[in-house]
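Read the structure below first, then the notes.
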Amino acid sequence: MNRDRSREAFARAKQLIPGGVNSPARAFGAVGGQPVFIDRGEGPWLYDIDGNRYLDYVASWGPLILGHRPAAVLAAIQNALERGTSFGAPTEAETELAALICQAMPSIQKVRLVSSGTEAVMSALRLARGFTGRDLLVKFAGNYHGHADSLLVAAGSSAATLGVPNSPGVTAGTARDTVVLEYNDSVALQRLFDQYGSQIAAVIVEPIAGNMGCVTPADGFLPALRELTRRHGALLIFDEVITGFRVAYGGAQALYGIEPDLTTLGKIVGGGLPLGAYGGRADVMDCLLPVGKVFQAGTLSGNPLATAAGIAMLTSLRDDPPYERLEQLAARLAAGFAAAAQAAAVPHQLARVGSMLTLFFAEQPVRNWSTARLCDTSRFSRFFWGLLERGIYLPCSQFEAMFVSAAHTVEHIDATVSAAQQVLAELAAPGPG
Ligand code: KE4
C-alpha cells in the first residue's frame, strides 16, 4: 500500500505537535513505523489520505460501537447544530441523557456529564476522597484510567506499598496516596485492607480490563472488591469508560451483577463526540457543589452537540440492541483468529467479552500485567503490519482491546480471518527482535 501522503503529513505534524499526534498511542510507537493519517470513516471502514481503505477494529478506541457516521447520531448532531453549539447554561437534553444513563445502570442514581473519561475519573476520585474524608486510592497495574496525576502511578517496591510516579511531573506526594496492586489478586487486596482499610477512600478498577488487552476478572475478584470496600467504608469505583454500553447495555456491572458506588463512563456514551460522565449513589453525588462542597466544573460539560450524540447513541442501543449480533460476529472473529494461530503453531491466547477482544502472542493465559508483559510484542507488531497491508486496521498495541462494531458483517469478519491466516502463517518463524 502507498502511504506517502501520510508520511508527509506526519513529518509536517511533528513540527508543530509533539510526536505529531494529540494522544501518544496514535504515533504507532508500540508497533514501529509511521501512523496512518485518516481522511474519513464510513460504517466499518476507515479511509486514509492516500485513498487506502481499512476495516476498522479500533473504533476510535471504543466509542464507535455502531461504526462510523451512524445515521441516527449524525441526524441528532445536525439537528442540535441548528440551535447552537454551546450555551454554558443548563439544557433539557442533559437531563434526558442523565435519565438514559441512570435507566441503563441502576447503580447510578445521579450523574454528572463532563468532557472526557479522564475528567470523569479525576472528578470521581476527588468526590470519593471528599465523601470519605480519606486519602488513599487503590488501583491495579495494567489498568488505565486516563491521565489524572493520581493515576499515573506505578507500584512501589514490594516493601513500600505506596505508589511511585510513573510520569515526570507527577509528584512523589501525589503518588504516595495511590496504592497499586496486581489485577485479580484478591489476597493482596485483603492484606491491604487489613493494614490500611480505614485510610482507603476508594478502589478503582476496570471491571473487564481493556488496557492490558482484554483481561477478564477472575472468579471472585469483583465480589471481593465489593465486599472489602463495603466492610471498610471505602467506595468501589467501576471505570466503565470502555465497557459501559459495550459489553452490555448496562455495562460490566450488569454482566457481573455487582453494584459499584460510583461508575465512570466515556467513549460510547458520547456517541463519538467529547463526553464523559460519572455517577452513582445519590448520597455520594450530592456532595458535589452546589449541593455539597466537592468542586468540579467545566465550560463544555454537557455540551449540546455531544449530549445530542450521546442521547441518539444510547437510544439506538436501548431500542435496537446490537449485542446478540455483536456476540456472534466477535465470537466468529475470535474463533477464526484462534484457529489460524493454532494452524500456524503460533503461541497465542484469545480473550474476549462481547465485542471487545484481544489475540495475545503469549504462551500462558494473560491474567494481569505481570503475565501481559510477557507477550511477544515483536510478533504482535508483525501481525499488526501484516494485517494493515491487507486493509485491516487493528489497535497499534498488543495491550489494547480491539472492537467489533454493528457495521461489520460476516463477510468482513471472514475477510479479516482470511488475512490473519496469511499473516500468521508468515509469523510462524520467531520474531526478529
Ligand atoms: P479519555 O480521557 O481518553 O476519554 O478516557 C480515559 C480512559 C479512562 N478509563 C479507561 C478504562 C480508558 O480506557 C480510558 C482511555 N482509553 C485509551 C485507550 N484504551 C484512550 C486512547 C488514547 O489514550 O489515545
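Naming works like this for the C-alpha cells: A, B, ... for the chains as they're shown, residue 1 at the start of each chain, ligands 1 onward in shown order.
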
Can you pull out every residue within 9 Å of segment 335-347 of chain A, counting only C-alpha atoms, but drop anything in the same chain fewer than 2 positions away, and send it as a ChimeraX atom specification? /A:330-333,349-350,359-364,413-414,416-418,420-422,424-430

Can you work out which residues are within 6 Å of ligand 1, considering only C-alpha atoms and all ligand atoms, and then hand them over as a PDB file with C-alpha atoms, in the first residue's frame?
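Everything below was put into selection.pdb:
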```pdb
ATOM      1  CA  SER A  23      -2.570  11.319  22.002  1.00  0.00           C
ATOM      2  CA  ALA A  25      -0.864   5.836  21.384  1.00  0.00           C
ATOM      3  CA  TRP A  61     -10.564   3.317  20.803  1.00  0.00           C
ATOM      4  CA  SER A 116     -13.689  13.053  28.686  1.00  0.00           C
ATOM      5  CA  GLY A 117     -13.094   9.803  30.501  1.00  0.00           C
ATOM      6  CA  THR A 118     -10.072  11.323  32.218  1.00  0.00           C
ATOM      7  CA  TYR A 144      -5.540   2.718  32.676  1.00  0.00           C
ATOM      8  CA  HIS A 145      -7.954   5.351  33.857  1.00  0.00           C
ATOM      9  CA  GLY A 146      -6.875   8.436  31.912  1.00  0.00           C
ATOM     10  CA  GLU A 206     -11.611  -1.741  35.065  1.00  0.00           C
ATOM     11  CA  ASN A 211      -5.801  -1.549  28.674  1.00  0.00           C
ATOM     12  CA  ASP A 239     -14.229   2.509  35.440  1.00  0.00           C
ATOM     13  CA  VAL A 241     -15.209   4.053  30.097  1.00  0.00           C
ATOM     14  CA  ILE A 242     -14.581   1.098  27.749  1.00  0.00           C
ATOM     15  CA  GLY A 266     -16.803   7.807  28.358  1.00  0.00           C
ATOM     16  CA  GLU A 400      -5.226  -2.591  23.672  1.00  0.00           C
TER      17      GLU A 400
END
```

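Distance check against Thr409 of chain A using only C-alpha atoms: of A:Val291, A:Leu388, A:Val179, A:Leu66, the minimum falls on A:Leu66.
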
All strand (DSSP E or B) positions in segment 314-406 of chain A, as a count of residues only: 14

Skip Gly197 of chain A itself and residues of its chain fewer than 2 positions away, then list as a PyMOL selection string all residues within 10 Å of it, counting only C-alpha atoms. chain A and resi 136+189-195+199-201+228-229+231-234

Keeping all heavy atoms for every residue in the selection just given, could you write it to a file as a short mmCIF file (atom, residue, chain, number, x, y, z; two decimals), in the first residue's frame?
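The new file result24.cif reads:
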```cif
data_model
loop_
_atom_site.label_atom_id
_atom_site.label_comp_id
_atom_site.auth_asym_id
_atom_site.auth_seq_id
_atom_site.Cartn_x
_atom_site.Cartn_y
_atom_site.Cartn_z
N LEU A 136 -6.27 7.61 50.69
CA LEU A 136 -5.68 6.54 49.89
C LEU A 136 -6.60 6.07 48.76
O LEU A 136 -7.81 5.91 48.96
CB LEU A 136 -5.32 5.32 50.77
CG LEU A 136 -4.04 5.42 51.60
CD1 LEU A 136 -3.70 4.06 52.20
CD2 LEU A 136 -2.86 5.92 50.75
N LEU A 189 -5.33 -7.78 48.06
CA LEU A 189 -6.35 -6.77 48.39
C LEU A 189 -6.79 -6.92 49.84
O LEU A 189 -6.88 -5.95 50.60
CB LEU A 189 -7.54 -6.98 47.45
CG LEU A 189 -8.57 -5.87 47.37
CD1 LEU A 189 -8.00 -4.67 46.65
CD2 LEU A 189 -9.82 -6.38 46.65
N GLN A 190 -7.02 -8.16 50.24
CA GLN A 190 -7.43 -8.44 51.63
C GLN A 190 -6.34 -7.94 52.59
O GLN A 190 -6.61 -7.22 53.55
CB GLN A 190 -7.63 -9.93 51.80
CG GLN A 190 -7.87 -10.39 53.24
CD GLN A 190 -9.30 -10.18 53.68
OE1 GLN A 190 -10.24 -10.73 53.10
NE2 GLN A 190 -9.49 -9.34 54.68
N ARG A 191 -5.08 -8.27 52.27
CA ARG A 191 -3.97 -7.86 53.15
C ARG A 191 -3.92 -6.34 53.25
O ARG A 191 -3.76 -5.77 54.33
CB ARG A 191 -2.63 -8.37 52.59
CG ARG A 191 -2.21 -9.73 53.10
CD ARG A 191 -0.70 -9.93 52.96
NE ARG A 191 -0.23 -9.65 51.60
CZ ARG A 191 -0.15 -10.59 50.64
NH1 ARG A 191 -0.52 -11.83 50.90
NH2 ARG A 191 0.27 -10.30 49.42
N LEU A 192 -4.11 -5.65 52.12
CA LEU A 192 -4.04 -4.18 52.11
C LEU A 192 -5.14 -3.60 52.98
O LEU A 192 -4.91 -2.70 53.80
CB LEU A 192 -4.18 -3.66 50.68
CG LEU A 192 -4.03 -2.13 50.57
CD1 LEU A 192 -2.55 -1.75 50.60
CD2 LEU A 192 -4.70 -1.61 49.31
N PHE A 193 -6.35 -4.16 52.84
CA PHE A 193 -7.46 -3.62 53.66
C PHE A 193 -7.24 -3.92 55.13
O PHE A 193 -7.57 -3.12 56.00
CB PHE A 193 -8.80 -4.17 53.16
CG PHE A 193 -9.45 -3.29 52.13
CD1 PHE A 193 -9.30 -3.56 50.77
CD2 PHE A 193 -10.17 -2.16 52.50
CE1 PHE A 193 -9.89 -2.73 49.82
CE2 PHE A 193 -10.76 -1.34 51.56
CZ PHE A 193 -10.61 -1.61 50.22
N ASP A 194 -6.65 -5.09 55.43
CA ASP A 194 -6.36 -5.41 56.83
C ASP A 194 -5.45 -4.34 57.44
O ASP A 194 -5.61 -3.91 58.57
CB ASP A 194 -5.67 -6.78 56.95
CG ASP A 194 -6.63 -7.92 56.63
OD1 ASP A 194 -7.85 -7.65 56.58
OD2 ASP A 194 -6.16 -9.05 56.38
N GLN A 195 -4.50 -3.87 56.61
CA GLN A 195 -3.50 -2.92 57.12
C GLN A 195 -3.96 -1.48 57.00
O GLN A 195 -3.74 -0.67 57.89
CB GLN A 195 -2.19 -3.11 56.34
CG GLN A 195 -1.01 -2.31 56.88
CD GLN A 195 0.30 -2.66 56.15
OE1 GLN A 195 0.29 -3.46 55.22
NE2 GLN A 195 1.40 -2.05 56.58
N GLN A 199 -8.05 3.90 55.96
CA GLN A 199 -7.49 5.08 55.26
C GLN A 199 -7.85 5.10 53.77
O GLN A 199 -7.51 6.04 53.06
CB GLN A 199 -5.97 5.08 55.39
CG GLN A 199 -5.45 5.17 56.83
CD GLN A 199 -3.94 4.97 56.87
OE1 GLN A 199 -3.21 5.61 56.11
NE2 GLN A 199 -3.49 4.05 57.71
N ILE A 200 -8.49 4.04 53.30
CA ILE A 200 -8.74 3.91 51.85
C ILE A 200 -10.04 4.62 51.47
O ILE A 200 -11.12 4.29 51.99
CB ILE A 200 -8.79 2.42 51.43
CG1 ILE A 200 -7.43 1.76 51.68
CG2 ILE A 200 -9.19 2.28 49.95
CD1 ILE A 200 -7.40 0.26 51.46
N ALA A 201 -9.92 5.62 50.60
CA ALA A 201 -11.09 6.35 50.12
C ALA A 201 -11.83 5.54 49.06
O ALA A 201 -13.07 5.48 49.04
CB ALA A 201 -10.66 7.69 49.53
N LEU A 228 -15.00 -6.06 50.38
CA LEU A 228 -13.96 -5.41 51.21
C LEU A 228 -14.20 -3.91 51.29
O LEU A 228 -14.09 -3.29 52.35
CB LEU A 228 -12.58 -5.70 50.63
CG LEU A 228 -12.06 -7.11 50.92
CD1 LEU A 228 -10.88 -7.45 49.99
CD2 LEU A 228 -11.64 -7.24 52.38
N THR A 229 -14.56 -3.29 50.16
CA THR A 229 -14.79 -1.83 50.21
C THR A 229 -15.99 -1.53 51.11
O THR A 229 -15.93 -0.62 51.95
CB THR A 229 -15.05 -1.27 48.80
OG1 THR A 229 -16.02 -2.08 48.13
CG2 THR A 229 -13.76 -1.23 47.97
N ARG A 231 -17.17 -3.30 53.60
CA ARG A 231 -16.86 -3.59 55.02
C ARG A 231 -16.00 -2.48 55.64
O ARG A 231 -16.14 -2.15 56.81
CB ARG A 231 -16.11 -4.93 55.13
CG ARG A 231 -15.97 -5.43 56.58
CD ARG A 231 -15.10 -6.65 56.70
NE ARG A 231 -15.38 -7.67 55.70
CZ ARG A 231 -14.46 -8.61 55.38
NH1 ARG A 231 -13.26 -8.62 55.95
NH2 ARG A 231 -14.76 -9.53 54.46
N HIS A 232 -15.14 -1.86 54.83
CA HIS A 232 -14.21 -0.86 55.40
C HIS A 232 -14.62 0.57 55.10
O HIS A 232 -13.85 1.50 55.37
CB HIS A 232 -12.80 -1.14 54.86
CG HIS A 232 -12.18 -2.39 55.39
ND1 HIS A 232 -11.42 -2.44 56.53
CD2 HIS A 232 -12.24 -3.67 54.94
CE1 HIS A 232 -11.02 -3.69 56.76
NE2 HIS A 232 -11.51 -4.46 55.82
N GLY A 233 -15.81 0.77 54.54
CA GLY A 233 -16.29 2.14 54.31
C GLY A 233 -15.57 2.86 53.20
O GLY A 233 -15.58 4.10 53.12
N ALA A 234 -14.95 2.10 52.28
CA ALA A 234 -14.32 2.71 51.09
C ALA A 234 -15.31 2.62 49.94
O ALA A 234 -16.25 1.83 49.97
CB ALA A 234 -13.04 1.96 50.74
#
```

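Between atom CA of Ile392 of chain A and atom CA of Asp56 of chain A the separation is 6.6 Å.
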
Which parts of segment 286-327 of chain A does DSSP call alpha helix (DSSP H) when run on the backbone here, written out as JSON, numbers by chain? {"A": [304, 305, 306, 307, 308, 309, 310, 311, 312, 313, 314, 315, 316, 317, 318, 319, 323, 324, 325, 326, 327]}

Please dump the current selection as an mmCIF file, in the first residue's frame; keep N, CA and C atoms.
```cif
data_model
loop_
_atom_site.group_PDB
_atom_site.id
_atom_site.type_symbol
_atom_site.label_atom_id
_atom_site.label_comp_id
_atom_site.auth_asym_id
_atom_site.auth_seq_id
_atom_site.Cartn_x
_atom_site.Cartn_y
_atom_site.Cartn_z
ATOM 1 N N PRO A 304 -24.122 20.687 24.166
ATOM 2 C CA PRO A 304 -25.339 20.287 23.425
ATOM 3 C C PRO A 304 -25.085 19.320 22.271
ATOM 4 N N LEU A 305 -23.982 19.491 21.540
ATOM 5 C CA LEU A 305 -23.728 18.579 20.407
ATOM 6 C C LEU A 305 -23.368 17.193 20.924
ATOM 7 N N ALA A 306 -22.473 17.144 21.904
ATOM 8 C CA ALA A 306 -22.060 15.848 22.463
ATOM 9 C C ALA A 306 -23.238 15.174 23.162
ATOM 10 N N THR A 307 -24.035 15.951 23.845
ATOM 11 C CA THR A 307 -25.195 15.385 24.533
ATOM 12 C C THR A 307 -26.205 14.816 23.534
ATOM 13 N N ALA A 308 -26.406 15.535 22.442
ATOM 14 C CA ALA A 308 -27.326 15.049 21.402
ATOM 15 C C ALA A 308 -26.815 13.727 20.828
ATOM 16 N N ALA A 309 -25.498 13.670 20.587
ATOM 17 C CA ALA A 309 -24.910 12.431 20.045
ATOM 18 C C ALA A 309 -25.075 11.286 21.049
ATOM 19 N N GLY A 310 -24.846 11.590 22.327
ATOM 20 C CA GLY A 310 -24.981 10.558 23.353
ATOM 21 C C GLY A 310 -26.403 10.053 23.479
ATOM 22 N N ILE A 311 -27.362 10.966 23.425
ATOM 23 C CA ILE A 311 -28.775 10.552 23.507
ATOM 24 C C ILE A 311 -29.127 9.637 22.326
ATOM 25 N N ALA A 312 -28.698 10.042 21.137
ATOM 26 C CA ALA A 312 -29.008 9.227 19.945
ATOM 27 C C ALA A 312 -28.345 7.858 20.039
ATOM 28 N N MET A 313 -27.105 7.843 20.497
ATOM 29 C CA MET A 313 -26.364 6.569 20.605
ATOM 30 C C MET A 313 -27.061 5.651 21.607
ATOM 31 N N LEU A 314 -27.324 6.141 22.804
ATOM 32 C CA LEU A 314 -27.919 5.264 23.843
ATOM 33 C C LEU A 314 -29.336 4.855 23.463
ATOM 34 N N THR A 315 -30.082 5.770 22.853
ATOM 35 C CA THR A 315 -31.452 5.420 22.434
ATOM 36 C C THR A 315 -31.421 4.296 21.403
ATOM 37 N N SER A 316 -30.463 4.384 20.480
ATOM 38 C CA SER A 316 -30.340 3.337 19.461
ATOM 39 C C SER A 316 -29.950 2.011 20.097
ATOM 40 N N LEU A 317 -29.001 2.055 21.021
ATOM 41 C CA LEU A 317 -28.547 0.812 21.672
ATOM 42 C C LEU A 317 -29.645 0.225 22.547
ATOM 43 N N ARG A 318 -30.463 1.067 23.145
ATOM 44 C CA ARG A 318 -31.558 0.578 24.008
ATOM 45 C C ARG A 318 -32.703 0.011 23.162
ATOM 46 N N ASP A 319 -33.067 0.717 22.099
ATOM 47 C CA ASP A 319 -34.285 0.336 21.357
ATOM 48 C C ASP A 319 -34.033 -0.696 20.273
ATOM 49 N N TYR A 323 -26.399 -6.288 20.614
ATOM 50 C CA TYR A 323 -25.473 -7.110 21.392
ATOM 51 C C TYR A 323 -25.449 -8.573 20.966
ATOM 52 N N GLU A 324 -26.615 -9.121 20.575
ATOM 53 C CA GLU A 324 -26.591 -10.530 20.132
ATOM 54 C C GLU A 324 -25.783 -10.666 18.843
ATOM 55 N N ARG A 325 -26.000 -9.725 17.948
ATOM 56 C CA ARG A 325 -25.266 -9.769 16.665
ATOM 57 C C ARG A 325 -23.779 -9.526 16.887
ATOM 58 N N LEU A 326 -23.461 -8.592 17.769
ATOM 59 C CA LEU A 326 -22.050 -8.320 18.071
ATOM 60 C C LEU A 326 -21.402 -9.566 18.673
ATOM 61 N N GLU A 327 -22.156 -10.291 19.517
ATOM 62 C CA GLU A 327 -21.633 -11.509 20.139
ATOM 63 C C GLU A 327 -21.301 -12.541 19.069
#
```

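The space separating atom CA of Gln78 of chain A from atom CA of Gly302 of chain A comes to 16.7 Å.
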
Which one is closest to Asn368 of chain A: A:Ala71, A:Ala218, A:Ile101, A:Ala252? Count only C-alpha atoms. A:Ala218
